[in-house]
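Coordinates as given in work_38.txt (compact mmCIF, C-alpha atoms):
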```txt
# COMPACT_ATOMS: atom_id res chain seq x y z
CA GLY A 211 6.02 18.15 17.61
CA ARG A 212 4.29 15.16 19.12
CA ALA A 213 1.70 14.65 21.84
CA ASN A 214 2.10 11.28 23.51
CA ALA A 215 -0.60 9.13 25.08
CA ASP A 216 1.09 9.55 28.48
CA GLY A 217 0.36 13.29 28.41
CA SER A 218 3.86 14.41 27.48
CA ILE A 219 4.62 16.70 24.57
CA GLU A 220 7.77 16.62 22.45
CA VAL A 221 8.93 19.65 20.47
CA ALA A 222 11.87 19.61 18.07
CA LYS A 223 14.89 21.63 19.07
CA GLY A 224 16.09 24.55 17.00
CA LEU A 225 12.72 26.12 16.20
CA SER A 226 12.31 29.86 16.21
CA PRO A 227 10.46 31.19 19.28
CA GLU A 228 7.37 31.91 17.15
CA LYS A 229 7.33 28.46 15.53
CA ARG A 230 7.92 26.82 18.93
CA LYS A 231 4.82 28.60 20.34
CA GLN A 232 2.77 27.40 17.37
CA VAL A 233 3.94 23.80 17.71
CA GLU A 234 3.34 23.84 21.47
CA ALA A 235 -0.22 25.17 20.94
CA HIS A 236 -0.89 22.51 18.31
CA GLU A 237 0.37 19.67 20.51
CA LEU A 238 -1.40 21.03 23.59
CA LYS A 239 -4.65 20.75 21.64
CA HIS A 240 -3.88 17.10 20.93
CA LYS A 241 -3.10 16.60 24.62
CA GLN A 242 -6.50 18.08 25.49
CA GLN A 243 -8.18 15.80 22.93
CA ILE A 244 -6.45 12.79 24.53
CA GLU A 245 -7.30 13.83 28.10
CA ALA A 246 -10.94 14.37 27.14
CA GLY A 247 -11.08 10.83 25.72
CA ARG A 248 -11.69 12.10 22.21
CA PHE A 249 -8.40 11.00 20.61
CA LYS A 250 -6.47 7.77 20.98
CA TRP A 251 -4.56 5.36 18.83
CA ASP A 252 -2.85 2.03 18.64
CA ARG A 253 -0.87 0.23 15.95
CA SER A 254 -3.88 -0.51 13.78
CA THR A 255 -6.38 2.31 14.39
CA VAL A 256 -6.89 5.92 15.35
CA THR A 257 -10.08 6.76 17.26
CA PHE A 258 -11.41 10.31 17.27
CA ASP A 259 -14.81 11.28 18.65
CA LYS A 260 -15.76 7.59 18.89
CA LYS A 261 -15.03 6.92 15.20
CA LYS A 262 -12.27 4.47 14.30
CA TYR A 263 -9.95 5.02 11.38
CA LYS A 264 -7.70 2.26 10.07
CA ARG A 265 -3.94 2.72 9.92
CA THR A 266 -2.06 1.38 6.91
CA GLY A 267 1.33 -0.23 7.19
CA ASP A 268 3.06 2.75 5.60
CA GLY A 269 2.23 5.50 8.13
CA LYS A 270 -1.12 6.55 6.70
CA ILE A 271 -4.63 6.75 8.13
CA VAL A 272 -7.73 5.95 6.09
CA TYR A 273 -10.27 8.79 6.38
CA ASN A 274 -13.38 9.00 4.19
CA GLY A 275 -12.03 6.24 1.97
CA LYS A 276 -8.66 7.86 1.27
CA ALA A 277 -5.28 7.21 2.93
CA TYR A 278 -3.64 10.32 4.37
CA ILE A 279 -0.18 10.59 5.88
CA GLU A 280 -0.20 11.09 9.65
CA GLY A 281 -0.51 14.78 10.46
CA HIS A 282 -2.34 15.63 7.24
CA PRO A 283 -4.49 18.78 7.69
CA THR A 284 -7.60 16.99 6.35
CA LEU A 285 -7.78 14.67 9.38
CA PRO A 286 -10.37 15.99 11.86
CA TRP A 287 -8.08 15.96 14.92
CA GLU A 288 -5.48 17.88 12.92
CA LYS A 289 -8.05 20.44 11.76
CA GLU A 290 -8.73 21.35 15.39
CA ALA A 291 -5.03 21.53 16.28
CA ASN A 292 -4.16 23.54 13.18
CA LYS A 293 -6.88 26.08 14.01
CA VAL A 294 -5.36 26.64 17.46
CA GLU A 295 -1.87 26.82 15.97
CA ARG A 296 -2.91 29.56 13.54
CA GLN A 297 -4.23 31.67 16.40
CA VAL A 298 -0.75 31.88 17.95
CA SER A 299 1.70 34.43 16.62
```
Can you dump the structure from the file as structure tokens?
Amino acid sequence: GRANADGSIEVAKGLSPEKRKQVEAHELKHKQQIEAGRFKWDRSTVTFDKKKYKRTGDGKIVYNGKAYIEGHPTLPWEKEANKVERQVS
């Protein structure tokens, strides 16, 4: 799934109903983070809770000195979304 800066959410087709609910919950959390002004990004950075994280040229984000692939569960905005996702079943 993907939450977009314009407020839209994209979910891959072909997911089971349970997985679809989980993905929707996860992306809805990101949408809420965006709407609250907590989460935004551009080509070179990701900003979460007023902290900027550099993007690398290969689809990674530098967090605490280490480069993580986008969507990695260690990233703080993903931790929040993953928690919500796990609560859906």
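Distance annotation: of A:Pro286, A:Gln297, A:Ile219, A:Ala235, the residue with the minimal separation from Thr257 (chain A) is A:Pro286; atom set is all atoms listed in the file.
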Between CA of Phe258 (chain A) and CA of Lys231 (chain A) - distance in Å to one decimal: 24.6 Å
For region 242-248 of chain A, please output as a short mmCIF file (atom, residue, chain, number, x, y, z; two decimals) with C-alpha atoms, in the frame of the given file all residues within 10 Å (counting only C-alpha atoms; exclusion window: fewer than 6 positions along the same chain).
```cif
data_model
loop_
_atom_site.label_atom_id
_atom_site.label_comp_id
_atom_site.auth_asym_id
_atom_site.auth_seq_id
_atom_site.Cartn_x
_atom_site.Cartn_y
_atom_site.Cartn_z
CA ALA A 213 1.70 14.65 21.84
CA ASN A 214 2.10 11.28 23.51
CA ALA A 215 -0.60 9.13 25.08
CA ASP A 216 1.09 9.55 28.48
CA GLY A 217 0.36 13.29 28.41
CA THR A 257 -10.08 6.76 17.26
CA PHE A 258 -11.41 10.31 17.27
CA ASP A 259 -14.81 11.28 18.65
CA LYS A 260 -15.76 7.59 18.89
CA LYS A 261 -15.03 6.92 15.20
CA TRP A 287 -8.08 15.96 14.92
CA GLU A 290 -8.73 21.35 15.39
CA ALA A 291 -5.03 21.53 16.28
#
```
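Picture a line from CA of Arg230 (chain A) to CA of Ile271 (chain A); it runs 26.0 Å.
For the choices A:Pro283, A:Gly267, A:Gly211, A:Gly275, the atom-to-atom distance to His236 (chain A) is smallest for A:Gly211 when using only C-alpha atoms.
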message: Quick one: residues within 10 Å of Arg253 (chain A), only C-alpha atoms, excluding same-chain residues fewer than 5 positions away - as a ChimeraX atom specification?
response: /A:264-267,269
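For the pair CA of Lys250 (chain A) and CA of Gly224 (chain A), the interatomic distance is 28.4 Å.
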task: Would you mind telling me which residue in A:Val272, A:Leu285, A:Val233, A:Ile279 lies nearest to Val298 (chain A) when using only C-alpha atoms?
output: A:Val233
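When only C-alpha atoms are used to compute distances to Arg212 (chain A), the closest of the residues A:Glu280, A:Tyr273, A:Thr255, A:Glu228 turns out to be A:Glu280.
Comparing the minimum interatomic distances between Val294 (chain A) and each of A:Ser254, A:Ser218, A:Gln232, A:Ser226, counting only C-alpha atoms, we find that A:Gln232 sits nearest.
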